[in-house]
file coords24.pdb (PDB, C-alpha atoms, pLDDT in the B column)
ATOM      1  CA  MET A   1     136.899  75.648 106.619  1.00 96.00           C
ATOM      2  CA  ARG A   2     137.222  72.670 108.942  1.00 98.00           C
ATOM      3  CA  ILE A   3     137.757  73.708 112.572  1.00 98.00           C
ATOM      4  CA  LEU A   4     138.941  71.561 115.469  1.00 98.00           C
ATOM      5  CA  GLY A   5     137.782  73.156 118.702  1.00 98.00           C
ATOM      6  CA  ILE A   6     139.594  72.166 121.878  1.00 98.00           C
ATOM      7  CA  ASP A   7     138.634  72.634 125.524  1.00 97.00           C
ATOM      8  CA  PRO A   8     141.959  71.962 127.286  1.00 97.00           C
ATOM      9  CA  GLY A   9     142.377  69.924 130.446  1.00 93.00           C
ATOM     10  CA  TYR A  10     144.660  67.244 131.808  1.00 92.00           C
ATOM     11  CA  ALA A  11     142.018  64.691 132.858  1.00 95.00           C
ATOM     12  CA  ILE A  12     139.627  65.463 129.995  1.00 97.00           C
ATOM     13  CA  VAL A  13     140.387  67.324 126.781  1.00 98.00           C
ATOM     14  CA  GLY A  14     137.152  68.007 124.955  1.00 98.00           C
ATOM     15  CA  TYR A  15     137.216  68.256 121.185  1.00 98.00           C
ATOM     16  CA  GLY A  16     134.660  69.162 118.576  1.00 98.00           C
ATOM     17  CA  VAL A  17     134.918  69.402 114.812  1.00 98.00           C
ATOM     18  CA  VAL A  18     132.759  71.570 112.573  1.00 98.00           C
ATOM     19  CA  ASP A  19     132.875  72.681 108.975  1.00 98.00           C
ATOM     20  CA  HIS A  20     132.165  76.402 108.660  1.00 96.00           C
ATOM     21  CA  ASP A  21     131.051  77.737 105.301  1.00 94.00           C
ATOM     22  CA  ARG A  22     129.449  81.153 104.724  1.00 89.00           C
ATOM     23  CA  GLY A  23     128.044  81.465 108.222  1.00 88.00           C
ATOM     24  CA  ARG A  24     126.799  77.900 108.390  1.00 93.00           C
ATOM     25  CA  ASN A  25     128.276  75.317 110.743  1.00 95.00           C
ATOM     26  CA  THR A  26     128.069  71.622 109.951  1.00 97.00           C
ATOM     27  CA  TYR A  27     128.718  69.106 112.694  1.00 98.00           C
ATOM     28  CA  ILE A  28     131.483  66.600 111.940  1.00 98.00           C
ATOM     29  CA  GLY A  29     132.291  64.975 115.281  1.00 98.00           C
ATOM     30  CA  HIS A  30     133.115  65.377 118.955  1.00 98.00           C
ATOM     31  CA  GLY A  31     134.577  63.478 121.874  1.00 98.00           C
ATOM     32  CA  ALA A  32     137.164  63.606 124.599  1.00 98.00           C
ATOM     33  CA  VAL A  33     140.742  62.615 125.181  1.00 97.00           C
ATOM     34  CA  THR A  34     140.917  61.230 128.721  1.00 97.00           C
ATOM     35  CA  THR A  35     143.767  60.272 130.993  1.00 96.00           C
ATOM     36  CA  PRO A  36     143.480  58.176 134.172  1.00 95.00           C
ATOM     37  CA  ALA A  37     143.653  59.946 137.536  1.00 92.00           C
ATOM     38  CA  GLY A  38     146.465  57.748 138.872  1.00 93.00           C
ATOM     39  CA  MET A  39     148.735  58.274 135.879  1.00 95.00           C
ATOM     40  CA  PRO A  40     151.781  60.511 136.508  1.00 96.00           C
ATOM     41  CA  LEU A  41     151.336  63.974 135.004  1.00 95.00           C
ATOM     42  CA  HIS A  42     154.211  63.637 132.514  1.00 96.00           C
ATOM     43  CA  LEU A  43     152.630  60.491 131.083  1.00 97.00           C
ATOM     44  CA  ARG A  44     149.221  62.174 130.930  1.00 97.00           C
ATOM     45  CA  LEU A  45     150.792  65.047 128.995  1.00 98.00           C
ATOM     46  CA  MET A  46     152.453  62.626 126.586  1.00 98.00           C
ATOM     47  CA  GLU A  47     149.107  60.857 126.021  1.00 98.00           C
ATOM     48  CA  ILE A  48     147.330  64.176 125.364  1.00 98.00           C
ATOM     49  CA  HIS A  49     150.045  65.240 122.921  1.00 98.00           C
ATOM     50  CA  MET A  50     149.865  61.991 120.968  1.00 98.00           C
ATOM     51  CA  ASP A  51     146.051  61.857 120.940  1.00 98.00           C
ATOM     52  CA  VAL A  52     145.683  65.453 119.738  1.00 98.00           C
ATOM     53  CA  GLY A  53     148.157  64.690 116.956  1.00 98.00           C
ATOM     54  CA  THR A  54     146.024  61.691 116.015  1.00 98.00           C
ATOM     55  CA  LEU A  55     142.872  63.871 115.977  1.00 98.00           C
ATOM     56  CA  ILE A  56     144.577  66.329 113.645  1.00 98.00           C
ATOM     57  CA  ASP A  57     145.598  63.479 111.337  1.00 98.00           C
ATOM     58  CA  LYS A  58     142.063  62.067 111.392  1.00 98.00           C
ATOM     59  CA  TYR A  59     140.038  65.261 110.860  1.00 98.00           C
ATOM     60  CA  LYS A  60     142.605  67.329 108.901  1.00 98.00           C
ATOM     61  CA  PRO A  61     141.421  70.700 110.236  1.00 98.00           C
ATOM     62  CA  ASP A  62     142.246  73.976 108.511  1.00 97.00           C
ATOM     63  CA  ALA A  63     142.378  75.643 111.924  1.00 97.00           C
ATOM     64  CA  VAL A  64     142.429  74.811 115.612  1.00 98.00           C
ATOM     65  CA  ALA A  65     140.525  76.961 118.089  1.00 98.00           C
ATOM     66  CA  ILE A  66     141.433  76.555 121.739  1.00 98.00           C
ATOM     67  CA  GLU A  67     140.085  78.147 124.876  1.00 94.00           C
ATOM     68  CA  GLN A  68     142.395  80.480 126.746  1.00 92.00           C
ATOM     69  CA  LEU A  69     142.986  79.670 130.380  1.00 83.00           C
ATOM     70  CA  PHE A  70     140.794  81.224 132.993  1.00 72.00           C
ATOM     71  CA  PHE A  71     142.269  80.861 136.471  1.00 65.00           C
ATOM     72  CA  ASN A  72     139.622  80.427 139.097  1.00 66.00           C
ATOM     73  CA  THR A  73     140.759  79.676 142.627  1.00 66.00           C
ATOM     74  CA  ASN A  74     142.850  76.494 142.380  1.00 70.00           C
ATOM     75  CA  ILE A  75     146.256  77.579 141.084  1.00 76.00           C
ATOM     76  CA  THR A  76     147.616  73.992 141.094  1.00 76.00           C
ATOM     77  CA  THR A  77     144.863  72.811 138.758  1.00 79.00           C
ATOM     78  CA  GLY A  78     145.427  75.894 136.608  1.00 84.00           C
ATOM     79  CA  ILE A  79     149.113  75.102 136.239  1.00 89.00           C
ATOM     80  CA  GLN A  80     148.365  71.502 135.242  1.00 90.00           C
ATOM     81  CA  VAL A  81     145.796  72.648 132.692  1.00 91.00           C
ATOM     82  CA  ALA A  82     148.366  75.147 131.371  1.00 92.00           C
ATOM     83  CA  GLN A  83     150.841  72.303 130.923  1.00 95.00           C
ATOM     84  CA  ALA A  84     148.231  70.252 129.040  1.00 96.00           C
ATOM     85  CA  ARG A  85     147.426  73.287 126.927  1.00 96.00           C
ATOM     86  CA  GLY A  86     151.129  73.595 126.101  1.00 97.00           C
ATOM     87  CA  VAL A  87     151.379  70.054 124.734  1.00 98.00           C
ATOM     88  CA  ILE A  88     148.169  70.616 122.751  1.00 98.00           C
ATOM     89  CA  LEU A  89     149.668  73.752 121.191  1.00 98.00           C
ATOM     90  CA  LEU A  90     152.867  71.808 120.474  1.00 98.00           C
ATOM     91  CA  ALA A  91     150.924  69.051 118.687  1.00 98.00           C
ATOM     92  CA  CYS A  92     149.179  71.672 116.541  1.00 98.00           C
ATOM     93  CA  ALA A  93     152.469  73.398 115.731  1.00 98.00           C
ATOM     94  CA  GLU A  94     154.092  70.082 114.784  1.00 98.00           C
ATOM     95  CA  LYS A  95     151.232  69.400 112.362  1.00 98.00           C
ATOM     96  CA  GLY A  96     151.384  72.934 110.937  1.00 98.00           C
ATOM     97  CA  VAL A  97     147.792  73.823 111.823  1.00 98.00           C
ATOM     98  CA  PRO A  98     147.065  77.512 112.570  1.00 97.00           C
ATOM     99  CA  ILE A  99     145.879  78.155 116.130  1.00 97.00           C
ATOM    100  CA  SER A 100     143.431  80.768 117.402  1.00 97.00           C
ATOM    101  CA  GLU A 101     142.681  81.340 121.062  1.00 96.00           C
ATOM    102  CA  TYR A 102     139.440  82.557 122.615  1.00 96.00           C
ATOM    103  CA  THR A 103     138.365  83.547 126.101  1.00 94.00           C
ATOM    104  CA  PRO A 104     135.231  82.027 127.626  1.00 92.00           C
ATOM    105  CA  LEU A 105     133.625  85.479 127.276  1.00 94.00           C
ATOM    106  CA  GLN A 106     134.338  85.543 123.525  1.00 95.00           C
ATOM    107  CA  VAL A 107     132.898  82.043 123.075  1.00 96.00           C
ATOM    108  CA  LYS A 108     129.702  82.950 124.934  1.00 95.00           C
ATOM    109  CA  GLN A 109     129.366  86.158 122.930  1.00 94.00           C
ATOM    110  CA  ALA A 110     129.794  84.321 119.621  1.00 93.00           C
ATOM    111  CA  VAL A 111     127.369  81.488 120.404  1.00 95.00           C
ATOM    112  CA  VAL A 112     124.717  83.152 122.577  1.00 94.00           C
ATOM    113  CA  GLY A 113     125.243  86.830 121.797  1.00 92.00           C
ATOM    114  CA  TYR A 114     125.860  87.608 125.462  1.00 89.00           C
ATOM    115  CA  GLY A 115     129.274  87.295 127.112  1.00 86.00           C
ATOM    116  CA  ARG A 116     127.863  86.495 130.542  1.00 86.00           C
ATOM    117  CA  ALA A 117     125.565  83.690 129.355  1.00 90.00           C
ATOM    118  CA  GLU A 118     125.187  80.604 131.502  1.00 92.00           C
ATOM    119  CA  LYS A 119     126.900  77.370 130.515  1.00 90.00           C
ATOM    120  CA  ARG A 120     123.569  75.607 129.866  1.00 93.00           C
ATOM    121  CA  GLN A 121     122.572  78.368 127.413  1.00 95.00           C
ATOM    122  CA  VAL A 122     125.810  77.944 125.471  1.00 95.00           C
ATOM    123  CA  MET A 123     125.379  74.170 125.372  1.00 95.00           C
ATOM    124  CA  GLU A 124     121.762  74.364 124.197  1.00 96.00           C
ATOM    125  CA  LEU A 125     122.482  76.934 121.484  1.00 96.00           C
ATOM    126  CA  THR A 126     125.458  74.864 120.331  1.00 97.00           C
ATOM    127  CA  ARG A 127     123.097  71.892 120.005  1.00 96.00           C
ATOM    128  CA  ILE A 128     120.572  73.955 118.043  1.00 96.00           C
ATOM    129  CA  MET A 129     123.180  75.571 115.759  1.00 95.00           C
ATOM    130  CA  LEU A 130     124.581  72.160 114.833  1.00 97.00           C
ATOM    131  CA  GLY A 131     121.174  70.486 114.463  1.00 96.00           C
ATOM    132  CA  LEU A 132     121.897  67.843 117.088  1.00 97.00           C
ATOM    133  CA  SER A 133     119.159  65.912 118.894  1.00 97.00           C
ATOM    134  CA  ALA A 134     120.920  66.188 122.277  1.00 96.00           C
ATOM    135  CA  VAL A 135     123.592  68.315 123.914  1.00 96.00           C
ATOM    136  CA  PRO A 136     126.955  66.650 123.214  1.00 95.00           C
ATOM    137  CA  ARG A 137     128.555  64.795 126.095  1.00 95.00           C
ATOM    138  CA  PRO A 138     130.826  65.135 127.920  1.00 96.00           C
ATOM    139  CA  ASP A 139     130.406  68.835 128.700  1.00 95.00           C
ATOM    140  CA  ASP A 140     134.017  69.389 127.625  1.00 96.00           C
ATOM    141  CA  ALA A 141     133.136  68.237 124.094  1.00 97.00           C
ATOM    142  CA  ALA A 142     130.121  70.576 123.990  1.00 97.00           C
ATOM    143  CA  ASP A 143     132.433  73.393 125.074  1.00 97.00           C
ATOM    144  CA  ALA A 144     134.901  72.460 122.329  1.00 98.00           C
ATOM    145  CA  LEU A 145     132.144  72.591 119.702  1.00 98.00           C
ATOM    146  CA  ALA A 146     131.179  76.066 120.978  1.00 98.00           C
ATOM    147  CA  ILE A 147     134.831  77.138 120.664  1.00 98.00           C
ATOM    148  CA  ALA A 148     134.888  75.862 117.067  1.00 98.00           C
ATOM    149  CA  ILE A 149     131.676  77.775 116.291  1.00 97.00           C
ATOM    150  CA  CYS A 150     133.220  80.894 117.849  1.00 97.00           C
ATOM    151  CA  HIS A 151     136.218  80.587 115.552  1.00 97.00           C
ATOM    152  CA  GLY A 152     134.031  80.111 112.499  1.00 95.00           C
ATOM    153  CA  HIS A 153     132.109  83.297 113.241  1.00 90.00           C
ATOM    154  CA  THR A 154     135.255  85.242 114.126  1.00 90.00           C
ATOM    155  CA  ALA A 155     137.229  84.102 111.096  1.00 83.00           C
ATOM    156  CA  ALA A 156     134.286  84.852 108.808  1.00 66.00           C
ATOM    157  CA  SER A 157     133.850  88.358 110.209  1.00 62.00           C
ATOM    158  CA  GLN A 158     137.576  89.037 109.866  1.00 59.00           C
ATOM    159  CA  LEU A 159     137.451  87.977 106.207  1.00 52.00           C
ATOM    160  CA  ASN A 160     134.477  90.287 105.600  1.00 50.00           C
ATOM    161  CA  GLN A 161     136.518  93.222 106.928  1.00 46.00           C
ATOM    162  CA  LEU A 162     139.256  92.730 104.327  1.00 42.00           C
TER     163      LEU A 162
END
call {"tool": "encode", "arguments": {"input": "coords24.pdb", "output": "structure tokens"}}
result
Amino acid sequence: MRILGIDPGYAIVGYGVVDHDRGRNTYIGHGAVTTPAGMPLHLRLMEIHMDVGTLIDKYKPDAVAIEQLFFNTNITTGIQVAQARGVILLACAEKGVPISEYTPLQVKQAVVGYGRAEKRQVMELTRIMLGLSAVPRPDDAADALAIAICHGHTAASQLNQL
């Protein structure tokens, strides 16, 4: 199963692609969709929507895994990220790709085995699991790869329960 993991944002959308087969994850690619700070939000959202559609066309994922929003203290940033997340979900729906959503706690649990793990632990274990020589950059892409790994483990365990 090919999985496109997405760490949503409006300045940087991290993405990571893995193939998951019988508990094994194979690295395919990663990167980030970026939008310039001075660009009006509606144009940033349009760019994100188009670029995510292009990623889906390029990688042809069987599933998209996206991180659920976690509101910290800045509600304005949270709303803008929610808007970006909405256009990402729309792009996936337009392409007919199934979407699964995971909390940061679920991602940490799936990758590290501990839901309160530190970010650096998640990034390092993601690197090790995918056999990479360095932690993927930017951090948003490393997060997206961890989200994809989380989906692979979750989907596999759900299939085993059937």
call {"tool": "resolve_selection", "arguments": {"input": "coords24.pdb", "expression": "the PyMOL selection byres ((chain A and resi 8-13) around 6)", "output": "JSON list (two decimals) with C-alpha atoms, keeping the file's coordinate frame"}}
result
[["chain", "number", "residue", "atom", "x", "y", "z"],
["A", 6, "ILE", "CA", 139.59, 72.17, 121.88],
["A", 7, "ASP", "CA", 138.63, 72.63, 125.52],
["A", 14, "GLY", "CA", 137.15, 68.01, 124.96],
["A", 32, "ALA", "CA", 137.16, 63.61, 124.60],
["A", 33, "VAL", "CA", 140.74, 62.62, 125.18],
["A", 34, "THR", "CA", 140.92, 61.23, 128.72],
["A", 35, "THR", "CA", 143.77, 60.27, 130.99],
["A", 81, "VAL", "CA", 145.80, 72.65, 132.69],
["A", 84, "ALA", "CA", 148.23, 70.25, 129.04],
["A", 85, "ARG", "CA", 147.43, 73.29, 126.93]]
call {"tool": "resolve_selection", "arguments": {"input": "coords24.pdb", "expression": "the PyMOL selection byres ((chain A and resi 26) around 9)", "output": "CSV table (one decimal) with C-alpha atoms, keeping the file's coordinate frame"}}
result
chain,number,residue,atom,x,y,z
A,17,VAL,CA,134.9,69.4,114.8
A,18,VAL,CA,132.8,71.6,112.6
A,19,ASP,CA,132.9,72.7,109.0
A,20,HIS,CA,132.2,76.4,108.7
A,21,ASP,CA,131.1,77.7,105.3
A,24,ARG,CA,126.8,77.9,108.4
A,25,ASN,CA,128.3,75.3,110.7
A,27,TYR,CA,128.7,69.1,112.7
A,28,ILE,CA,131.5,66.6,111.9
A,129,MET,CA,123.2,75.6,115.8
A,130,LEU,CA,124.6,72.2,114.8
A,131,GLY,CA,121.2,70.5,114.5
call {"tool": "resolve_selection", "arguments": {"input": "coords24.pdb", "expression": "the PyMOL selection byres ((chain A and resi 119) around 10)", "output": "PDB file with C-alpha atoms, in the frame of the given file"}}
result
ATOM      1  CA  PRO A 104     135.231  82.027 127.626  1.00 92.00           C
ATOM      2  CA  LYS A 108     129.702  82.950 124.934  1.00 95.00           C
ATOM      3  CA  ARG A 116     127.863  86.495 130.542  1.00 86.00           C
ATOM      4  CA  ALA A 117     125.565  83.690 129.355  1.00 90.00           C
ATOM      5  CA  GLU A 118     125.187  80.604 131.502  1.00 92.00           C
ATOM      6  CA  ARG A 120     123.569  75.607 129.866  1.00 93.00           C
ATOM      7  CA  GLN A 121     122.572  78.368 127.413  1.00 95.00           C
ATOM      8  CA  VAL A 122     125.810  77.944 125.471  1.00 95.00           C
ATOM      9  CA  MET A 123     125.379  74.170 125.372  1.00 95.00           C
ATOM     10  CA  GLU A 124     121.762  74.364 124.197  1.00 96.00           C
ATOM     11  CA  ASP A 139     130.406  68.835 128.700  1.00 95.00           C
ATOM     12  CA  ALA A 142     130.121  70.576 123.990  1.00 97.00           C
ATOM     13  CA  ASP A 143     132.433  73.393 125.074  1.00 97.00           C
TER      14      ASP A 143
END
call {"tool": "atom_distance", "arguments": {"input": "coords24.pdb", "atom1": "CA of Gln68 (chain A)", "atom2": "CA of His42 (chain A)"}}
result
21.4 Å
call {"tool": "axis_aligned_box", "arguments": {"input": "coords24.pdb", "around": "region 39-57 of chain A", "padding_each_side": "5 Å", "output": "JSON"}}
result
{"center_x": 148.5, "center_y": 62.3, "center_z": 123.9, "size_x": 21.3, "size_y": 18.1, "size_z": 35.2}
call {"tool": "residues_near_point", "arguments": {"input": "coords24.pdb", "point": "(134.0, 77.8, 120.8)", "cutoff": "10 Å", "atoms": "all atoms listed in the file", "output": "PyMOL selection string"}}
result
chain A and resi 3-7+16+65-67+101-104+106-111+122+126+142-153
